[in-house]
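Visitor: One structure, pasted below without further comment.
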Amino acid sequence: MTDHQLPDPVVQISGAQEIARDVVVVPNQHAELVPNIGVIGGKHAVLVVDTGLGPENAESVLAFARDHAKGRKLYLTTTHFHPEHAFGAQVFAGEATFLVNQAQAEDLADKGAGYLEMFRGLGPTVARRLEGVRVPTPDVVYEESHDLDLGGRVVRLRAVGRAHSRGDQVITVPDAEVLFTGDLVETGRFAVFPWFPPHDNDVSGLRWIEVLARLVAAAPRIVVPGHGDVGGTQRVEAVLDYLRELRDETWVRRDSAMGRETMVEEVRAVLMERHPEWRGQEWVDAGVACLCAEHGG
C-alpha cells in the first residue's frame, strides 16, 4: 500500500472544530492513516464516528467524546471496516454502544484479521499503533438503514452497498445538513481502490460512481470526507468526476485491446497530468485493474 516509511498516524484532538451546532470534527490534518472523526450530539446522547488507528488513538477519541457528552449516553459507529476507521472500537466497549450495518459487520468478521496483518506490515509506527488490537464485534447490527435518536436530533445511518468496500455506510445529520462519507470521498488524493484479488475484490468502481451520484443529488451543505478537508457538495463532485475520468480512460484503452501494462501507464500519466497536486498515484493502477474487471458488466 505504500513504498515509504509512514509517520506516526496519531489523532490530534487539539484540532477539533465545531462545524455545525453540536457537530464536531477532529480533522485528520492531512496525516496518512488518520481519518476525520465526528462527534454528533443530541439532548440525551452523543454519536462518535470512527475511532482512529488502534487503542491509543481510540482512548484519546473516547476521552474527548466523554468530555463533550457531559453525562449523555455514548454511541459509536464506523464508516467502514478498514483499520484506521474501526480498529480502536474495543476501547469503547462498556462505555458506548457500537452499531454498524450488516455488510460492514460481515467485513469485520471475514476480512478484519487479514487487514490487521496487512496494516502491521506497513512499518513499525503503524505496527506499534496496532499492538493489542482485537478485531471489533458490533453490539447492534442493522440491515440497510437505521435512524438513531440522540434526543431532539435524529442521525441517519445508511448502508450504500459495494463501493469503496462491501460495507460502506454514510452518516447524515439532517437538521444540520451534514454528511459523513467515510472513504467514499477523500480530498487531495486519487481514490483508494482496495483491489487485492483474490483476498479482497469487493471494491466496485461502477457502484462507487452510482453511490456518489446519489450523494451529489442529495446536496449536503457540509461534507466530511474520510480523509482531507471538510467542504460542501463539491467534495463529492470532485471524486465523482475523477472516477468517471478513470472509468472512461480505462475503458477506451481496454476496447482498443491495449496491453495491460501500457494501459496502466497511459491512464496514470493522463490522470496525473490532470491532477498534478494529488497524492496516492499508486491507487490509479488498482483502479484500472478493478474497472477492467468490471468492463462490460
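Labels for the C-alpha cells follow display order: chains A, B, ..., residues from 1 in each chain, ligands from 1.
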Can you list every residue in stretch 14-259 of chain A that DSSP puts in strand (DSSP E), as a PyMOL selection string?
Guide: chain A and resi 17-20+23-26+37-41+45-49+73-77+96-101+140-142+145-149+154-159+169-173+178-186+222-227
Visitor: So that I can see what lies close to stretch 184-187 of chain A, please list as a list in words the residues with an atom at most 9 Å from it, counting only C-alpha atoms and leaving out residues fewer than 5 positions away in the same chain.
Guide: Ala163, His164, Ser165, Asp168, Val170, Val192, Trp208, Val211, Leu212, Val223, Val224, Pro225, Gly226, His227, Gly228, Asp229, Val230, Arg235, Val236, Ala238, Val239, Leu240 and Trp278 of chain A
Visitor: Pick from A:Glu84, A:Glu237, A:Glu106, A:Glu210: nearest to A:Pro35, with only C-alpha atoms counted?
Guide: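 Nearest candidate to A:Pro35 out of A:Glu84, A:Glu237, A:Glu106, A:Glu210: A:Glu84.
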Visitor: Using only C-alpha atoms, which of A:Arg189, A:Arg158, A:Arg129, A:Arg247 sits nearest A:Ala103?
Guide: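 Checking each of A:Arg189, A:Arg158, A:Arg129, A:Arg247 against A:Ala103, counting only C-alpha atoms, the winner is A:Arg158.
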Visitor: Which polymer residues have any atom within 12 Å of an atom of A:Gly121, counting only C-alpha atoms, with same-chain residues fewer than 3 positions away left out, as a ChimeraX atom specification?
Guide: /A:1-3,5-6,114-118,124-130
Visitor: So which residues touch A:Asp50 within 10 Å, counting only C-alpha atoms, skipping near sequence neighbours fewer than 3 positions away, as a list in words?
Guide: Pro35, Asn36, Ile37, Gly38, Val39, Leu47, Leu53, Ala58, Val61, Leu76, Thr77, Thr78, Thr79, His80, Phe81, Pro83, Glu84, His85, Ala86, Phe87, Gly88, Ala89, Gly182 and Gly226 of chain A
Visitor: Kindly indicate which residue among A:Arg260, A:His146, A:His82, A:Arg274 lies nearest to A:Phe190, using only C-alpha atoms for the distances.
Guide: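 Between A:Arg260, A:His146, A:His82, A:Arg274, the residue approaching A:Phe190 most closely is A:Arg274.
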Visitor: Within 8 Å of A:Leu157, counting only C-alpha atoms, which residues qualify if same-chain residues fewer than 6 places away don't, as a JSON list (two decimals) with N, CA and C atoms, in the first residue's frame?
Guide:
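Once everything was written out, this is around-v4.json:
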[["chain", "number", "residue", "atom", "x", "y", "z"],
["A", 145, "SER", "N", -30.65, 0.47, 6.89],
["A", 145, "SER", "CA", -30.83, 1.83, 7.39],
["A", 145, "SER", "C", -31.19, 1.80, 8.87],
["A", 146, "HIS", "N", -30.76, 2.84, 9.55],
["A", 146, "HIS", "CA", -31.07, 2.95, 10.98],
["A", 146, "HIS", "C", -31.12, 4.42, 11.34],
["A", 147, "ASP", "N", -32.21, 4.84, 11.97],
["A", 147, "ASP", "CA", -32.35, 6.20, 12.46],
["A", 147, "ASP", "C", -32.06, 6.20, 13.96],
["A", 148, "LEU", "N", -31.00, 6.88, 14.34],
["A", 148, "LEU", "CA", -30.56, 6.90, 15.73],
["A", 148, "LEU", "C", -31.03, 8.20, 16.38],
["A", 169, "GLN", "N", -20.95, 2.72, 4.82],
["A", 169, "GLN", "CA", -22.16, 3.40, 5.24],
["A", 169, "GLN", "C", -21.88, 4.90, 5.30],
["A", 170, "VAL", "N", -22.93, 5.70, 5.12],
["A", 170, "VAL", "CA", -22.82, 7.14, 5.30],
["A", 170, "VAL", "C", -23.68, 7.55, 6.49],
["A", 171, "ILE", "N", -23.27, 8.63, 7.12],
["A", 171, "ILE", "CA", -23.97, 9.13, 8.30],
["A", 171, "ILE", "C", -24.41, 10.55, 8.01],
["A", 172, "THR", "N", -25.69, 10.81, 8.16],
["A", 172, "THR", "CA", -26.26, 12.12, 7.85],
["A", 172, "THR", "C", -26.89, 12.73, 9.08]]
Visitor: Got a sec: who's within 9 Å of A:Met263, counting only C-alpha atoms, leaving out chain neighbours fewer than 3 positions off, as a PDB file with C-alpha atoms, in the first residue's frame?
Guide:
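Below is the file that was written, result32.pdb:
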ATOM      1  CA  GLU A 249      -9.787   6.479 -19.838  1.00  0.00           C
ATOM      2  CA  THR A 250      -9.534   2.818 -18.831  1.00  0.00           C
ATOM      3  CA  ARG A 253      -7.977   1.587 -23.917  1.00  0.00           C
ATOM      4  CA  ARG A 254      -9.478  -1.733 -22.933  1.00  0.00           C
ATOM      5  CA  MET A 258      -4.151  -2.377 -25.482  1.00  0.00           C
ATOM      6  CA  GLY A 259      -1.826  -4.396 -23.270  1.00  0.00           C
ATOM      7  CA  ARG A 260      -2.423  -4.093 -19.534  1.00  0.00           C
ATOM      8  CA  GLU A 266      -1.078   5.732 -20.095  1.00  0.00           C
ATOM      9  CA  VAL A 267      -4.046   6.140 -17.766  1.00  0.00           C
ATOM     10  CA  ARG A 268      -1.768   7.026 -14.858  1.00  0.00           C
ATOM     11  CA  VAL A 288      -7.581   0.495 -13.661  1.00  0.00           C
TER      12      VAL A 288
END
Visitor: What's the separation between atom CA of A:His44 and atom CA of A:Lys70, in Å to one decimal place?
Guide: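 These atoms are spaced 10.0 Å apart.
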